[in-house]
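A.B. asks: Handing over input-v2.pdb, PDB, C-alpha atoms.
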```pdb
ATOM      1  CA  MET A   1       5.884   0.125  -6.091  1.00  0.00           C
ATOM      2  CA  CYS A   2       4.988  -0.228  -2.405  1.00  0.00           C
ATOM      3  CA  ARG A   3       1.910  -2.334  -3.016  1.00  0.00           C
ATOM      4  CA  ASN A   4       4.141  -5.371  -2.524  1.00  0.00           C
ATOM      5  CA  ILE A   5       4.920  -4.462   1.085  1.00  0.00           C
ATOM      6  CA  HIS A   6       2.627  -6.542   3.241  1.00  0.00           C
ATOM      7  CA  THR A   7       2.067  -6.680   6.975  1.00  0.00           C
ATOM      8  CA  LEU A   8       4.582  -9.110   8.421  1.00  0.00           C
ATOM      9  CA  HIS A   9       3.687  -8.973  12.114  1.00  0.00           C
ATOM     10  CA  ASN A  10       1.569 -11.548  13.953  1.00  0.00           C
ATOM     11  CA  PHE A  11       1.427 -14.354  11.431  1.00  0.00           C
ATOM     12  CA  GLU A  12       1.837 -18.039  12.062  1.00  0.00           C
ATOM     13  CA  PRO A  13       4.340 -19.095  10.898  1.00  0.00           C
ATOM     14  CA  ALA A  14       6.377 -15.940  11.390  1.00  0.00           C
ATOM     15  CA  ALA A  15       7.639 -13.921   8.441  1.00  0.00           C
ATOM     16  CA  THR A  16      10.566 -15.512   6.655  1.00  0.00           C
ATOM     17  CA  SER A  17      13.840 -13.732   5.956  1.00  0.00           C
ATOM     18  CA  ASP A  18      12.835 -13.705   2.267  1.00  0.00           C
ATOM     19  CA  GLU A  19       9.610 -11.840   3.106  1.00  0.00           C
ATOM     20  CA  VAL A  20      11.503  -9.341   5.259  1.00  0.00           C
ATOM     21  CA  HIS A  21      14.073  -8.813   2.485  1.00  0.00           C
ATOM     22  CA  ALA A  22      11.341  -8.342  -0.142  1.00  0.00           C
ATOM     23  CA  ALA A  23       9.649  -5.689   2.009  1.00  0.00           C
ATOM     24  CA  ALA A  24      12.971  -3.903   2.548  1.00  0.00           C
ATOM     25  CA  LEU A  25      13.698  -4.015  -1.178  1.00  0.00           C
ATOM     26  CA  GLN A  26      10.318  -2.497  -2.036  1.00  0.00           C
ATOM     27  CA  TYR A  27      10.813   0.224   0.573  1.00  0.00           C
ATOM     28  CA  VAL A  28      14.258   1.164  -0.767  1.00  0.00           C
ATOM     29  CA  ARG A  29      12.953   1.135  -4.336  1.00  0.00           C
ATOM     30  CA  LYS A  30      10.189   3.541  -3.346  1.00  0.00           C
ATOM     31  CA  ILE A  31      12.494   5.888  -1.450  1.00  0.00           C
ATOM     32  CA  ALA A  32      15.146   5.828  -4.191  1.00  0.00           C
ATOM     33  CA  GLY A  33      12.557   6.278  -6.922  1.00  0.00           C
ATOM     34  CA  THR A  34      13.980   3.454  -8.992  1.00  0.00           C
ATOM     35  CA  THR A  35      13.625  -0.280  -9.298  1.00  0.00           C
ATOM     36  CA  LYS A  36      17.119  -0.700 -10.730  1.00  0.00           C
ATOM     37  CA  PRO A  37      19.861   1.608  -9.478  1.00  0.00           C
ATOM     38  CA  SER A  38      22.818   2.622 -11.614  1.00  0.00           C
ATOM     39  CA  LYS A  39      26.098   0.762 -11.190  1.00  0.00           C
ATOM     40  CA  ALA A  40      27.432   3.738  -9.227  1.00  0.00           C
ATOM     41  CA  ASN A  41      24.493   3.563  -6.794  1.00  0.00           C
ATOM     42  CA  GLN A  42      24.204  -0.234  -6.530  1.00  0.00           C
ATOM     43  CA  PRO A  43      26.424  -0.587  -3.427  1.00  0.00           C
ATOM     44  CA  ALA A  44      24.476   2.082  -1.514  1.00  0.00           C
ATOM     45  CA  PHE A  45      21.185   0.551  -2.644  1.00  0.00           C
ATOM     46  CA  ASP A  46      22.220  -2.964  -1.566  1.00  0.00           C
ATOM     47  CA  GLU A  47      23.514  -1.714   1.793  1.00  0.00           C
ATOM     48  CA  ALA A  48      20.248   0.116   2.451  1.00  0.00           C
ATOM     49  CA  VAL A  49      18.212  -3.019   1.678  1.00  0.00           C
ATOM     50  CA  HIS A  50      20.439  -5.075   3.981  1.00  0.00           C
ATOM     51  CA  GLU A  51      20.223  -2.569   6.853  1.00  0.00           C
ATOM     52  CA  ILE A  52      16.466  -2.073   6.549  1.00  0.00           C
ATOM     53  CA  ALA A  53      15.861  -5.829   6.424  1.00  0.00           C
ATOM     54  CA  HIS A  54      18.024  -6.230   9.535  1.00  0.00           C
ATOM     55  CA  LEU A  55      16.173  -3.498  11.433  1.00  0.00           C
ATOM     56  CA  THR A  56      12.814  -4.814  10.265  1.00  0.00           C
ATOM     57  CA  GLN A  57      13.631  -8.256  11.641  1.00  0.00           C
ATOM     58  CA  HIS A  58      14.596  -6.690  14.977  1.00  0.00           C
ATOM     59  CA  LEU A  59      11.302  -4.804  15.023  1.00  0.00           C
ATOM     60  CA  LEU A  60       9.270  -7.918  14.261  1.00  0.00           C
ATOM     61  CA  ASP A  61      11.131  -9.854  16.960  1.00  0.00           C
ATOM     62  CA  ALA A  62      10.426  -7.121  19.540  1.00  0.00           C
ATOM     63  CA  LEU A  63       6.726  -6.554  18.811  1.00  0.00           C
ATOM     64  CA  VAL A  64       4.212  -8.165  21.171  1.00  0.00           C
ATOM     65  CA  THR A  65       0.473  -8.604  20.872  1.00  0.00           C
ATOM     66  CA  SER A  66      -2.350 -10.306  22.692  1.00  0.00           C
ATOM     67  CA  ALA A  67      -4.215 -10.916  19.422  1.00  0.00           C
ATOM     68  CA  PRO A  68      -4.187 -14.433  18.036  1.00  0.00           C
ATOM     69  CA  PRO A  69      -1.842 -14.988  15.074  1.00  0.00           C
ATOM     70  CA  LYS A  70      -3.324 -14.405  11.635  1.00  0.00           C
ATOM     71  CA  ASN A  71      -3.582 -17.102   9.005  1.00  0.00           C
ATOM     72  CA  ARG A  72      -1.753 -16.289   5.770  1.00  0.00           C
ATOM     73  CA  GLU A  73      -4.260 -18.016   3.502  1.00  0.00           C
ATOM     74  CA  THR A  74      -7.240 -16.308   5.136  1.00  0.00           C
ATOM     75  CA  GLU A  75      -5.586 -12.894   4.896  1.00  0.00           C
ATOM     76  CA  ALA A  76      -4.668 -13.513   1.236  1.00  0.00           C
ATOM     77  CA  GLU A  77      -8.295 -14.405   0.456  1.00  0.00           C
ATOM     78  CA  LYS A  78      -9.494 -11.231   2.186  1.00  0.00           C
ATOM     79  CA  ALA A  79      -7.034  -9.154   0.143  1.00  0.00           C
ATOM     80  CA  LYS A  80      -8.199 -10.781  -3.103  1.00  0.00           C
ATOM     81  CA  ALA A  81     -11.826 -10.073  -2.195  1.00  0.00           C
ATOM     82  CA  ARG A  82     -11.004  -6.413  -1.443  1.00  0.00           C
ATOM     83  CA  ALA A  83      -9.134  -6.094  -4.736  1.00  0.00           C
ATOM     84  CA  ALA A  84     -11.963  -7.739  -6.674  1.00  0.00           C
ATOM     85  CA  GLY A  85     -14.466  -5.316  -5.156  1.00  0.00           C
ATOM     86  CA  ARG A  86     -12.228  -2.350  -5.810  1.00  0.00           C
ATOM     87  CA  TYR A  87     -11.644  -3.220  -9.475  1.00  0.00           C
ATOM     88  CA  ALA A  88     -15.205  -4.361 -10.140  1.00  0.00           C
ATOM     89  CA  ALA A  89     -16.483  -0.897  -9.233  1.00  0.00           C
ATOM     90  CA  ALA A  90     -14.166   0.759 -11.759  1.00  0.00           C
TER      91      ALA A  90
END
```
Show me, as structure tokens, the structure contained in the file I just sent.

C.D. replies:
Amino acid sequence: MCRNIHTLHNFEPAATSDEVHAAALQYVRKIAGTTKPSKANQPAFDEAVHEIAHLTQHLLDALVTSAPPKNRETEAEKAKARAAGRYAAA
């Protein structure tokens, strides 16, 4: 489940609110142990996603680095190459 959580810090352009929300959703799904909560748990699940996304955005806004921003396309290509190597060996 958490394979969809990607590094969001130090990219140009900065992470979008959709990316932050998607990461929060994946985190809550992992912690809760479910991808679809019951109706009784839906409000708590949604609140957790909202709060974690909010805190994640604050974290990203507060982080500083002297490293140059990463390029999304370059990082995606690197990830594909790593995955190809990992699955080719299997």

A.B. asks: So, with only C-alpha atoms as the atoms that count, which of A:Lys70, A:Phe11, A:Val49, A:Pro37 lies closest to Ala24 of chain A?

C.D. replies: A:Val49

A.B. asks: Selected by the PyMOL selection byres ((chain A and resi 69) around 7) in the shown coordinates: which residues, as a ChimeraX atom specification?

C.D. replies: /A:10-12,67-68,70-71

A.B. asks: Around (8.6, -9.2, 16.9) in the file's own coordinates, what residues are found within 10 Å if you use all atoms listed in the file, given back as an MDAnalysis selection string?

C.D. replies: chainID A and resid 8:10 14:15 56:65

A.B. asks: Show me, as an MDAnalysis selection string, the residues that have an atom within 12 Å of segment 50-55 of chain A when counting only C-alpha atoms, minus same-chain residues fewer than 6 positions from it.

C.D. replies: chainID A and resid 8 15:29 31 43:44 61:62

A.B. asks: Kindly give the distance, in Å, that separates atom CA of Thr74 of chain A and atom CA of Arg86 of chain A, rounded to a single decimal.

C.D. replies: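 If I compute the distance from atom CA of Thr74 of chain A to atom CA of Arg86 of chain A, I get 18.4 Å.
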
A.B. asks: For the atom pair atom CA of Ala88 of chain A and atom CA of Thr7 of chain A, what is the interatomic distance in Å to one decimal place?

C.D. replies: 24.4 Å

A.B. asks: Could you complete segment 5-21 of chain A so that it carries N, CA, C and O atoms, and give it back as a tab-separated table (two decimals), in the frame of the given file?

C.D. replies:
```tsv
chain	number	residue	atom	x	y	z
A	5	ILE	N	4.56	-4.39	-0.32
A	5	ILE	CA	4.92	-4.46	1.08
A	5	ILE	C	3.67	-4.87	1.85
A	5	ILE	O	2.67	-4.18	1.83
A	6	HIS	N	3.76	-6.01	2.50
A	6	HIS	CA	2.63	-6.54	3.24
A	6	HIS	C	2.94	-6.54	4.72
A	6	HIS	O	4.10	-6.55	5.13
A	7	THR	N	1.89	-6.55	5.54
A	7	THR	CA	2.07	-6.68	6.98
A	7	THR	C	2.78	-7.99	7.26
A	7	THR	O	2.42	-9.04	6.73
A	8	LEU	N	3.80	-7.93	8.10
A	8	LEU	CA	4.58	-9.11	8.42
A	8	LEU	C	4.42	-9.54	9.87
A	8	LEU	O	4.84	-10.63	10.24
A	9	HIS	N	3.81	-8.69	10.68
A	9	HIS	CA	3.69	-8.97	12.11
A	9	HIS	C	2.47	-9.84	12.42
A	9	HIS	O	1.41	-9.69	11.82
A	10	ASN	N	2.64	-10.73	13.37
A	10	ASN	CA	1.57	-11.55	13.95
A	10	ASN	C	0.98	-12.56	12.98
A	10	ASN	O	-0.24	-12.72	12.87
A	11	PHE	N	1.86	-13.25	12.28
A	11	PHE	CA	1.43	-14.35	11.43
A	11	PHE	C	2.03	-15.65	11.95
A	11	PHE	O	3.10	-15.66	12.55
A	12	GLU	N	1.33	-16.71	11.72
A	12	GLU	CA	1.84	-18.04	12.06
A	12	GLU	C	1.87	-18.87	10.80
A	12	GLU	O	0.82	-19.05	10.18
A	13	PRO	N	3.01	-19.30	10.32
A	13	PRO	CA	4.34	-19.10	10.90
A	13	PRO	C	4.82	-17.66	10.69
A	13	PRO	O	4.28	-16.93	9.86
A	14	ALA	N	5.83	-17.30	11.45
A	14	ALA	CA	6.38	-15.94	11.39
A	14	ALA	C	6.94	-15.64	10.00
A	14	ALA	O	7.22	-16.55	9.22
A	15	ALA	N	7.09	-14.36	9.73
A	15	ALA	CA	7.64	-13.92	8.44
A	15	ALA	C	9.02	-14.52	8.22
A	15	ALA	O	9.84	-14.60	9.15
A	16	THR	N	9.26	-14.94	7.01
A	16	THR	CA	10.57	-15.51	6.66
A	16	THR	C	11.55	-14.39	6.35
A	16	THR	O	11.16	-13.24	6.11
A	17	SER	N	12.83	-14.73	6.31
A	17	SER	CA	13.84	-13.73	5.96
A	17	SER	C	13.64	-13.25	4.52
A	17	SER	O	13.92	-12.10	4.21
A	18	ASP	N	13.13	-14.12	3.65
A	18	ASP	CA	12.84	-13.70	2.27
A	18	ASP	C	11.73	-12.65	2.23
A	18	ASP	O	11.80	-11.69	1.46
A	19	GLU	N	10.70	-12.82	3.05
A	19	GLU	CA	9.61	-11.84	3.11
A	19	GLU	C	10.11	-10.51	3.66
A	19	GLU	O	9.73	-9.44	3.16
A	20	VAL	N	10.94	-10.56	4.68
A	20	VAL	CA	11.50	-9.34	5.26
A	20	VAL	C	12.38	-8.64	4.23
A	20	VAL	O	12.30	-7.42	4.05
A	21	HIS	N	13.20	-9.39	3.52
A	21	HIS	CA	14.07	-8.81	2.48
A	21	HIS	C	13.25	-8.19	1.36
A	21	HIS	O	13.57	-7.09	0.88
```
